[in-house]
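Shown next: my_file.cif, given as mmCIF, C-alpha atoms.
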```cif
data_target
#
loop_
_atom_site.label_atom_id
_atom_site.label_comp_id
_atom_site.auth_asym_id
_atom_site.auth_seq_id
_atom_site.Cartn_x
_atom_site.Cartn_y
_atom_site.Cartn_z
CA MET A 119 -8.57 -97.72 -36.43
CA PRO A 120 -6.02 -96.27 -33.98
CA GLU A 121 -2.93 -98.40 -33.39
CA SER A 122 -3.77 -99.00 -29.73
CA HIS A 123 -7.11 -100.55 -30.68
CA ARG A 124 -5.54 -102.73 -33.38
CA LEU A 125 -3.00 -104.00 -30.86
CA CYS A 126 -5.73 -104.75 -28.35
CA LEU A 127 -7.75 -106.72 -30.88
CA GLY A 128 -4.68 -108.67 -31.90
CA ALA A 129 -3.93 -109.51 -28.30
CA THR A 130 -7.37 -110.85 -27.43
CA LEU A 131 -6.53 -114.32 -28.69
CA HIS A 132 -3.67 -114.68 -26.25
CA LEU A 133 -3.83 -112.47 -23.22
CA GLU A 134 -5.24 -113.82 -19.99
CA THR A 135 -6.23 -110.29 -19.04
CA VAL A 136 -8.64 -110.03 -21.95
CA ARG A 137 -10.11 -113.50 -21.43
CA HIS A 138 -10.91 -112.62 -17.84
CA TRP A 139 -12.39 -109.31 -18.95
CA LEU A 140 -14.65 -111.02 -21.48
CA ALA A 141 -15.86 -113.39 -18.76
CA THR A 142 -17.23 -110.37 -16.83
CA CYS A 143 -19.04 -108.74 -19.77
CA ASP A 144 -22.84 -108.55 -19.76
CA VAL A 145 -22.94 -109.16 -23.54
CA VAL A 146 -20.35 -110.69 -25.86
CA LEU A 147 -20.69 -110.36 -29.63
CA ALA A 148 -18.66 -113.12 -31.30
CA ILE A 149 -18.33 -112.79 -35.08
CA GLY A 150 -16.83 -115.55 -37.20
CA THR A 151 -15.02 -117.32 -34.38
CA GLU A 152 -15.36 -120.88 -33.11
CA LEU A 153 -14.42 -119.79 -29.58
CA GLY A 154 -12.61 -123.12 -29.43
CA PRO A 155 -9.80 -124.12 -27.04
CA ALA A 156 -7.19 -123.85 -29.80
CA ASP A 157 -8.29 -120.26 -30.50
CA LEU A 158 -8.52 -119.14 -26.88
CA TRP A 159 -5.63 -121.18 -25.40
CA GLU A 160 -7.84 -122.18 -22.51
CA GLU A 161 -9.93 -125.33 -22.21
CA ARG A 162 -12.48 -124.04 -19.69
CA PHE A 163 -13.04 -120.53 -20.95
CA ALA A 164 -16.35 -119.30 -19.52
CA LEU A 165 -18.67 -116.49 -20.54
CA THR A 166 -21.21 -115.32 -17.97
CA GLY A 167 -23.05 -112.78 -20.09
CA THR A 168 -25.39 -113.06 -23.06
CA LEU A 169 -23.57 -114.55 -26.06
CA ILE A 170 -24.50 -113.31 -29.53
CA ARG A 171 -22.85 -115.40 -32.23
CA VAL A 172 -22.60 -114.48 -35.90
CA ASP A 173 -21.36 -117.23 -38.22
CA VAL A 174 -22.05 -118.52 -41.69
CA ASP A 175 -22.08 -122.10 -40.30
CA PRO A 176 -25.25 -122.92 -38.32
CA ALA A 177 -23.43 -125.68 -36.44
CA GLN A 178 -21.23 -123.10 -34.70
CA MET A 179 -24.25 -121.90 -32.74
CA TYR A 180 -24.20 -125.16 -30.77
CA GLY A 181 -20.46 -125.70 -30.31
CA ASP A 182 -18.35 -125.20 -27.20
CA HIS A 183 -20.30 -122.03 -26.40
CA VAL A 184 -24.01 -122.22 -27.23
CA ALA A 185 -25.37 -118.95 -28.58
CA ASP A 186 -28.06 -117.13 -26.61
CA VAL A 187 -28.75 -115.17 -29.79
CA ALA A 188 -27.86 -117.01 -33.02
CA ILE A 189 -27.34 -115.05 -36.24
CA VAL A 190 -26.49 -117.20 -39.25
CA ALA A 191 -24.97 -114.82 -41.76
CA ASP A 192 -21.86 -113.85 -43.67
CA ALA A 193 -19.64 -111.96 -41.21
CA ALA A 194 -18.99 -109.00 -43.53
CA LEU A 195 -22.68 -108.53 -44.31
CA ALA A 196 -23.64 -108.88 -40.65
CA VAL A 197 -21.08 -106.29 -39.54
CA GLN A 198 -22.22 -103.89 -42.24
CA GLY A 199 -25.84 -104.33 -41.17
CA LEU A 200 -25.02 -103.85 -37.50
CA GLY A 201 -23.00 -100.75 -38.35
CA ASP A 202 -25.94 -99.24 -40.23
CA HIS A 203 -28.21 -99.75 -37.22
CA LEU A 204 -25.69 -98.51 -34.67
CA ARG A 205 -25.38 -95.20 -36.49
CA ASP A 206 -28.89 -94.46 -35.29
CA VAL A 207 -28.04 -95.13 -31.64
CA ALA A 208 -27.92 -91.95 -29.60
CA GLY A 209 -24.72 -91.03 -27.77
CA PRO A 210 -21.08 -91.87 -28.39
CA ALA A 211 -20.04 -95.51 -28.56
CA SER A 212 -18.23 -96.75 -25.47
CA ARG A 213 -14.59 -97.73 -25.92
CA GLU A 214 -14.25 -99.27 -22.49
CA GLY A 215 -11.95 -102.28 -22.70
CA PRO A 216 -9.88 -104.53 -20.50
CA GLY A 217 -7.86 -101.60 -19.19
CA CYS A 218 -4.28 -100.53 -19.67
CA ASP A 219 -2.76 -103.52 -17.91
CA TYR A 220 -2.97 -105.63 -21.08
CA ARG A 221 0.13 -103.84 -22.37
CA ALA A 222 2.28 -105.16 -19.54
CA GLU A 223 1.04 -108.67 -20.19
CA GLN A 224 1.56 -108.23 -23.91
CA GLU A 225 5.17 -107.20 -23.29
CA LYS A 226 5.68 -110.21 -21.01
CA LEU A 227 4.30 -112.48 -23.72
CA THR A 228 6.11 -111.01 -26.72
CA GLY A 229 9.17 -109.33 -25.21
CA ARG A 230 11.79 -111.88 -26.22
CA TRP A 231 10.97 -111.40 -29.92
CA THR A 232 10.19 -107.67 -29.96
CA GLY A 233 13.47 -106.53 -31.48
CA TYR A 234 13.48 -109.19 -34.19
CA LEU A 235 9.82 -108.65 -35.07
CA ARG A 236 10.36 -104.91 -35.31
CA ALA A 237 13.32 -105.51 -37.60
CA LEU A 238 11.26 -107.85 -39.77
CA GLY A 239 8.54 -105.23 -40.06
CA GLN A 240 11.11 -102.61 -41.08
CA ALA A 241 12.58 -104.87 -43.75
CA LEU A 242 9.31 -105.86 -45.40
CA PRO A 243 7.40 -103.52 -47.75
CA GLU A 244 3.93 -102.37 -46.79
CA ASP A 245 2.17 -104.87 -49.06
CA ALA A 246 4.14 -107.89 -47.84
CA ILE A 247 2.51 -111.22 -47.08
CA ILE A 248 3.78 -112.95 -43.92
CA VAL A 249 3.03 -116.65 -43.53
CA GLY A 250 3.40 -117.90 -39.96
CA ASP A 251 3.75 -121.42 -38.61
CA ASN A 252 2.48 -122.79 -35.32
CA SER A 253 5.58 -121.65 -33.48
CA MET A 254 6.08 -119.51 -30.38
CA VAL A 255 7.65 -116.72 -32.42
CA VAL A 256 4.34 -116.51 -34.27
CA TYR A 257 1.46 -117.22 -31.90
CA HIS A 258 3.08 -115.63 -28.83
CA GLY A 259 5.09 -113.13 -30.87
CA ALA A 260 4.06 -111.91 -34.31
CA LEU A 261 0.31 -112.45 -33.96
CA VAL A 262 0.30 -110.25 -30.89
CA GLY A 263 3.20 -107.87 -31.43
CA MET A 264 3.10 -107.07 -35.16
CA VAL A 265 0.46 -104.71 -36.49
CA ILE A 266 -0.20 -105.54 -40.15
CA ASP A 267 -2.73 -103.43 -42.01
CA PRO A 268 -3.97 -103.73 -45.59
CA PRO A 269 -2.49 -104.04 -48.14
CA GLY A 270 -0.28 -106.38 -46.10
CA ARG A 271 -1.52 -109.84 -45.11
CA PHE A 272 -0.78 -112.30 -42.31
CA LEU A 273 -1.58 -115.96 -43.03
CA PHE A 274 -1.80 -118.33 -40.06
CA PRO A 275 -3.64 -121.68 -39.53
CA ALA A 276 -5.68 -120.47 -36.55
CA GLY A 277 -7.47 -123.23 -34.69
CA PHE A 278 -5.83 -126.18 -36.41
CA GLY A 279 -2.39 -126.19 -34.73
CA THR A 280 -0.80 -127.33 -37.98
CA LEU A 281 2.97 -127.68 -37.70
CA GLY A 282 4.81 -127.25 -40.98
CA PHE A 283 2.16 -124.97 -42.52
CA ALA A 284 4.29 -121.92 -43.24
CA LEU A 285 6.80 -123.00 -45.89
CA PRO A 286 4.38 -124.71 -48.33
CA ALA A 287 1.78 -122.00 -47.72
CA GLY A 288 4.43 -119.35 -48.34
CA ILE A 289 5.30 -121.01 -51.64
CA GLY A 290 1.64 -120.99 -52.56
CA ALA A 291 1.27 -117.34 -51.62
CA LYS A 292 4.26 -116.37 -53.74
CA LEU A 293 2.96 -118.35 -56.72
CA GLY A 294 -0.47 -116.79 -56.31
CA ARG A 295 0.88 -113.26 -55.97
CA PRO A 296 4.32 -113.16 -57.61
CA ASP A 297 4.17 -109.35 -57.57
CA ARG A 298 4.05 -109.26 -53.76
CA PRO A 299 6.93 -109.85 -51.31
CA VAL A 300 6.29 -112.96 -49.21
CA ALA A 301 8.13 -114.02 -46.04
CA VAL A 302 7.89 -117.24 -44.01
CA LEU A 303 8.21 -117.15 -40.22
CA ALA A 304 8.64 -120.38 -38.26
CA GLY A 305 10.37 -122.09 -35.37
CA ASP A 306 12.97 -124.79 -35.86
CA GLY A 307 10.61 -127.54 -34.70
CA ALA A 308 7.73 -126.58 -36.98
CA LEU A 309 9.88 -125.98 -40.06
CA GLN A 310 11.22 -129.53 -40.00
CA PHE A 311 7.74 -130.89 -40.72
CA SER A 312 7.95 -129.54 -44.29
CA LEU A 313 11.56 -128.46 -44.80
CA GLN A 314 11.88 -130.58 -47.94
CA GLU A 315 9.57 -128.12 -49.72
CA LEU A 316 12.58 -125.82 -49.90
CA ALA A 317 13.65 -127.87 -52.92
CA MET A 318 10.44 -126.90 -54.73
CA ALA A 319 10.94 -123.21 -53.90
CA VAL A 320 14.45 -123.41 -55.35
CA GLU A 321 13.24 -125.18 -58.48
CA LEU A 322 10.58 -122.51 -58.98
CA GLY A 323 13.12 -119.72 -58.46
CA LEU A 324 11.13 -117.99 -55.73
CA SER A 325 12.49 -114.99 -53.86
CA LEU A 326 11.35 -116.10 -50.42
CA PRO A 327 12.89 -115.17 -47.05
CA VAL A 328 12.38 -118.04 -44.59
CA ILE A 329 13.01 -116.71 -41.09
CA VAL A 330 13.61 -119.40 -38.47
CA ALA A 331 13.66 -118.83 -34.69
CA LEU A 332 15.86 -121.44 -33.04
CA ASN A 333 14.95 -122.75 -29.58
CA GLY A 334 16.13 -126.33 -29.88
CA GLY A 335 12.81 -128.08 -30.36
CA PHE A 336 9.20 -127.55 -29.32
CA GLY A 337 9.72 -124.54 -27.07
CA GLU A 338 6.13 -123.83 -26.07
CA ILE A 339 5.49 -127.39 -24.93
CA ARG A 340 8.83 -127.41 -23.10
CA GLU A 341 8.02 -124.20 -21.24
CA GLU A 342 4.54 -125.44 -20.32
CA MET A 343 6.06 -128.60 -18.85
CA VAL A 344 8.51 -126.52 -16.80
CA ARG A 345 5.72 -124.23 -15.55
CA LYS A 346 3.80 -127.26 -14.31
CA GLY A 347 6.83 -128.67 -12.55
CA MET A 348 7.33 -131.50 -15.02
CA ARG A 349 10.59 -132.77 -16.45
CA PRO A 350 10.57 -131.86 -20.16
CA VAL A 351 10.19 -135.00 -22.25
CA ALA A 352 10.47 -135.41 -26.06
CA VAL A 353 10.63 -131.67 -26.72
CA ASP A 354 14.36 -131.14 -27.29
CA LEU A 355 15.31 -131.77 -30.90
CA HIS A 356 18.68 -132.04 -32.59
CA GLY A 357 18.17 -129.64 -35.47
CA PRO A 358 20.32 -129.28 -38.57
CA ASP A 359 22.45 -126.29 -39.47
CA PHE A 360 19.65 -124.64 -41.41
CA PRO A 361 21.77 -122.16 -43.43
CA VAL A 362 24.13 -124.97 -44.52
CA LEU A 363 21.18 -127.19 -45.38
CA ALA A 364 19.65 -124.36 -47.40
CA GLU A 365 22.86 -124.08 -49.41
CA ALA A 366 22.74 -127.83 -50.05
CA TYR A 367 19.27 -127.37 -51.54
CA GLY A 368 20.57 -124.60 -53.80
CA ALA A 369 19.07 -121.82 -51.70
CA HIS A 370 20.91 -119.18 -49.69
CA GLY A 371 21.46 -119.39 -45.95
CA ARG A 372 22.37 -116.90 -43.25
CA ALA A 373 22.64 -117.00 -39.48
CA VAL A 374 22.16 -113.63 -37.80
CA LYS A 375 22.88 -112.60 -34.23
CA SER A 376 20.93 -109.36 -33.86
CA PRO A 377 17.71 -107.65 -35.00
CA GLU A 378 19.77 -105.36 -37.23
CA GLY A 379 21.36 -108.42 -38.81
CA LEU A 380 17.89 -109.85 -39.45
CA ARG A 381 16.71 -106.64 -41.10
CA GLU A 382 19.70 -106.60 -43.45
CA ALA A 383 19.35 -110.30 -44.24
CA VAL A 384 15.65 -110.01 -45.09
CA GLU A 385 16.23 -106.98 -47.30
CA GLU A 386 18.93 -108.89 -49.17
CA ALA A 387 16.73 -111.99 -49.41
CA LEU A 388 13.99 -109.98 -51.11
CA ARG A 389 16.50 -109.10 -53.84
CA THR A 390 17.66 -112.72 -54.26
CA PRO A 391 16.04 -114.91 -56.97
CA VAL A 392 16.06 -118.04 -54.79
CA PRO A 393 14.86 -118.67 -51.22
CA THR A 394 17.01 -117.56 -48.29
CA VAL A 395 16.84 -119.36 -44.95
CA ILE A 396 17.69 -116.91 -42.15
CA THR A 397 18.12 -118.13 -38.57
CA PHE A 398 18.39 -116.38 -35.23
CA THR A 399 18.59 -117.87 -31.75
CA GLU A 400 15.45 -117.18 -29.80
CA PRO A 401 16.10 -115.44 -26.47
CA CYS A 402 14.99 -117.51 -23.48
CA GLY A 403 11.79 -116.68 -21.63
CA ASP A 404 11.41 -116.73 -17.86
CA ASP A 405 10.34 -120.39 -17.96
CA GLY A 406 12.51 -121.45 -20.87
CA PRO A 407 15.72 -123.41 -20.93
CA GLU A 408 18.87 -121.76 -19.70
#
```
Could you render the structure as structure tokens?
Amino acid sequence: MPESHRLCLGATLHLETVRHWLATCDVVLAIGTELGPADLWEERFALTGTLIRVDVDPAQMYGDHVADVAIVADAALAVQGLGDHLRDVAGPASREGPGCDYRAEQEKLTGRWTGYLRALGQALPEDAIIVGDNSMVVYHGALVGMVIDPPGRFLFPAGFGTLGFALPAGIGAKLGRPDRPVAVLAGDGALQFSLQELAMAVELGLSLPVIVALNGGFGEIREEMVRKGMRPVAVDLHGPDFPVLAEAYGAHGRAVKSPEGLREAVEEALRTPVPTVITFTEPCGDDGPE
């Protein structure tokens, strides 16, 4: 699949442009998705066209978006079957999409992390496993702005909003595939839900870069409050000095100030037989704190 199409598919979970485009489609084919508010980041997402849903769970046909055409099947088998039938359809398949303007919105959404995400991609081998937490750097950044193709993998708790997922899941991924490089990506707020698991990673002797974007708390909630004209409440956290805390656990710790510094730190961490906590200060967005 061309890179532009991969980027577009990755952006569909986040970009308002694509949600609005889907709402105007005559037919929407939804495969293996709950179409829930946590997936679409919009509570009142509406589809005006015919909705064809493919899911292994029959209950999904009657969820937030009731299927006009319900197909209960394994997603892979259904896609293969549809592909076989579509080969017989005359004429070239249309590639009409939401238009070119999604790129501008993608840049607006991901721009503050672009340099750091590019550096992370350069540092990691092709078969790396990235485990992301429910943090802005992931769901507004890496999920949209990083293209990861097989044999690489991106693990993320889509739909559940689980803070603290990345570090224990990263440990599990490294134990399950010790031959593969694994990296954890999280914000400072999310990481503190399961930071104590760093002790287990040290005890197991895992080579595990843990990249932490610092924004002083729960940045996404803070920015949403500001956008709505509210005074931010209970979203600013006093965080520890993560590199120093990592050293206290017996891990390594580094604070970097540039994308190039992140690339070098991750490359070094992959050669280190214990975890390395690497922090960088997240650039502010338009609605973020000064």
For the structure provided, state which residues fall under the PyMOL selection byres ((chain A and resi 363-378) around 8), and present them as a PDB file with C-alpha atoms, keeping the file's coordinate frame.
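Output contents, as saved in out.pdb:
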```
ATOM      1  CA  GLY A 233      13.470-106.530 -31.480  1.00  0.00           C
ATOM      2  CA  TYR A 234      13.480-109.190 -34.190  1.00  0.00           C
ATOM      3  CA  LEU A 235       9.820-108.650 -35.070  1.00  0.00           C
ATOM      4  CA  ARG A 236      10.360-104.910 -35.310  1.00  0.00           C
ATOM      5  CA  ALA A 237      13.320-105.510 -37.600  1.00  0.00           C
ATOM      6  CA  LEU A 316      12.580-125.820 -49.900  1.00  0.00           C
ATOM      7  CA  ALA A 317      13.650-127.870 -52.920  1.00  0.00           C
ATOM      8  CA  VAL A 320      14.450-123.410 -55.350  1.00  0.00           C
ATOM      9  CA  PRO A 358      20.320-129.280 -38.570  1.00  0.00           C
ATOM     10  CA  ASP A 359      22.450-126.290 -39.470  1.00  0.00           C
ATOM     11  CA  PHE A 360      19.650-124.640 -41.410  1.00  0.00           C
ATOM     12  CA  PRO A 361      21.770-122.160 -43.430  1.00  0.00           C
ATOM     13  CA  VAL A 362      24.130-124.970 -44.520  1.00  0.00           C
ATOM     14  CA  GLY A 379      21.360-108.420 -38.810  1.00  0.00           C
ATOM     15  CA  LEU A 380      17.890-109.850 -39.450  1.00  0.00           C
ATOM     16  CA  ARG A 381      16.710-106.640 -41.100  1.00  0.00           C
ATOM     17  CA  GLU A 382      19.700-106.600 -43.450  1.00  0.00           C
ATOM     18  CA  ALA A 383      19.350-110.300 -44.240  1.00  0.00           C
ATOM     19  CA  VAL A 392      16.060-118.040 -54.790  1.00  0.00           C
ATOM     20  CA  PRO A 393      14.860-118.670 -51.220  1.00  0.00           C
ATOM     21  CA  THR A 394      17.010-117.560 -48.290  1.00  0.00           C
ATOM     22  CA  VAL A 395      16.840-119.360 -44.950  1.00  0.00           C
ATOM     23  CA  ILE A 396      17.690-116.910 -42.150  1.00  0.00           C
ATOM     24  CA  THR A 397      18.120-118.130 -38.570  1.00  0.00           C
ATOM     25  CA  PHE A 398      18.390-116.380 -35.230  1.00  0.00           C
ATOM     26  CA  THR A 399      18.590-117.870 -31.750  1.00  0.00           C
TER      27      THR A 399
END
```
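With only C-alpha atoms as the atoms that count, the residue of A:Gly305, A:Gly150, A:Pro327, A:Pro391 with the shortest distance to Ala194 of chain A is A:Gly150.
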### Task
Could you jot down the atom CA of Leu326 of chain A to atom CA of Asp306 of chain A separation for me, Å, one decimal place?
17.0 Å
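Here the question is which of A:Glu338, A:Leu169, A:Ile266, A:Ser253 gets nearest to Ala304 of chain A using only C-alpha atoms, and that residue is A:Ser253.
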### Task
Name the residues captured by the PyMOL selection byres ((chain A and resi 312) around 10) when it is applied to the shown file; answer as a list in words.
Leu281, Gly282, Phe283, Ala284, Leu285, Pro286, Ala308, Leu309, Gln310, Phe311, Leu313, Gln314, Glu315 and Leu316 of chain A
Any chance you can output those residues with C-alpha atoms as a compact mmCIF listing (two decimals), keeping the file's coordinate frame?
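Generated file (part.txt):
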```txt
# COMPACT_ATOMS: atom_id res chain seq x y z
CA LEU A 281 2.97 -127.68 -37.70
CA GLY A 282 4.81 -127.25 -40.98
CA PHE A 283 2.16 -124.97 -42.52
CA ALA A 284 4.29 -121.92 -43.24
CA LEU A 285 6.80 -123.00 -45.89
CA PRO A 286 4.38 -124.71 -48.33
CA ALA A 308 7.73 -126.58 -36.98
CA LEU A 309 9.88 -125.98 -40.06
CA GLN A 310 11.22 -129.53 -40.00
CA PHE A 311 7.74 -130.89 -40.72
CA LEU A 313 11.56 -128.46 -44.80
CA GLN A 314 11.88 -130.58 -47.94
CA GLU A 315 9.57 -128.12 -49.72
CA LEU A 316 12.58 -125.82 -49.90
```
### Task
Apply the PyMOL selection byres ((chain A and resi 170-186) around 10) to the displayed file and report the matching residues as a PyMOL selection string.
chain A and resi 145-155+161-165+167-169+187-193+196-197
Just write the chosen residues, C-alpha atoms, as a short mmCIF file (atom, residue, chain, number, x, y, z; two decimals), in the frame of the given file.
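So again.cif came out as:
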```cif
data_model
loop_
_atom_site.label_atom_id
_atom_site.label_comp_id
_atom_site.auth_asym_id
_atom_site.auth_seq_id
_atom_site.Cartn_x
_atom_site.Cartn_y
_atom_site.Cartn_z
CA VAL A 145 -22.94 -109.16 -23.54
CA VAL A 146 -20.35 -110.69 -25.86
CA LEU A 147 -20.69 -110.36 -29.63
CA ALA A 148 -18.66 -113.12 -31.30
CA ILE A 149 -18.33 -112.79 -35.08
CA GLY A 150 -16.83 -115.55 -37.20
CA THR A 151 -15.02 -117.32 -34.38
CA GLU A 152 -15.36 -120.88 -33.11
CA LEU A 153 -14.42 -119.79 -29.58
CA GLY A 154 -12.61 -123.12 -29.43
CA PRO A 155 -9.80 -124.12 -27.04
CA GLU A 161 -9.93 -125.33 -22.21
CA ARG A 162 -12.48 -124.04 -19.69
CA PHE A 163 -13.04 -120.53 -20.95
CA ALA A 164 -16.35 -119.30 -19.52
CA LEU A 165 -18.67 -116.49 -20.54
CA GLY A 167 -23.05 -112.78 -20.09
CA THR A 168 -25.39 -113.06 -23.06
CA LEU A 169 -23.57 -114.55 -26.06
CA VAL A 187 -28.75 -115.17 -29.79
CA ALA A 188 -27.86 -117.01 -33.02
CA ILE A 189 -27.34 -115.05 -36.24
CA VAL A 190 -26.49 -117.20 -39.25
CA ALA A 191 -24.97 -114.82 -41.76
CA ASP A 192 -21.86 -113.85 -43.67
CA ALA A 193 -19.64 -111.96 -41.21
CA ALA A 196 -23.64 -108.88 -40.65
CA VAL A 197 -21.08 -106.29 -39.54
#
```
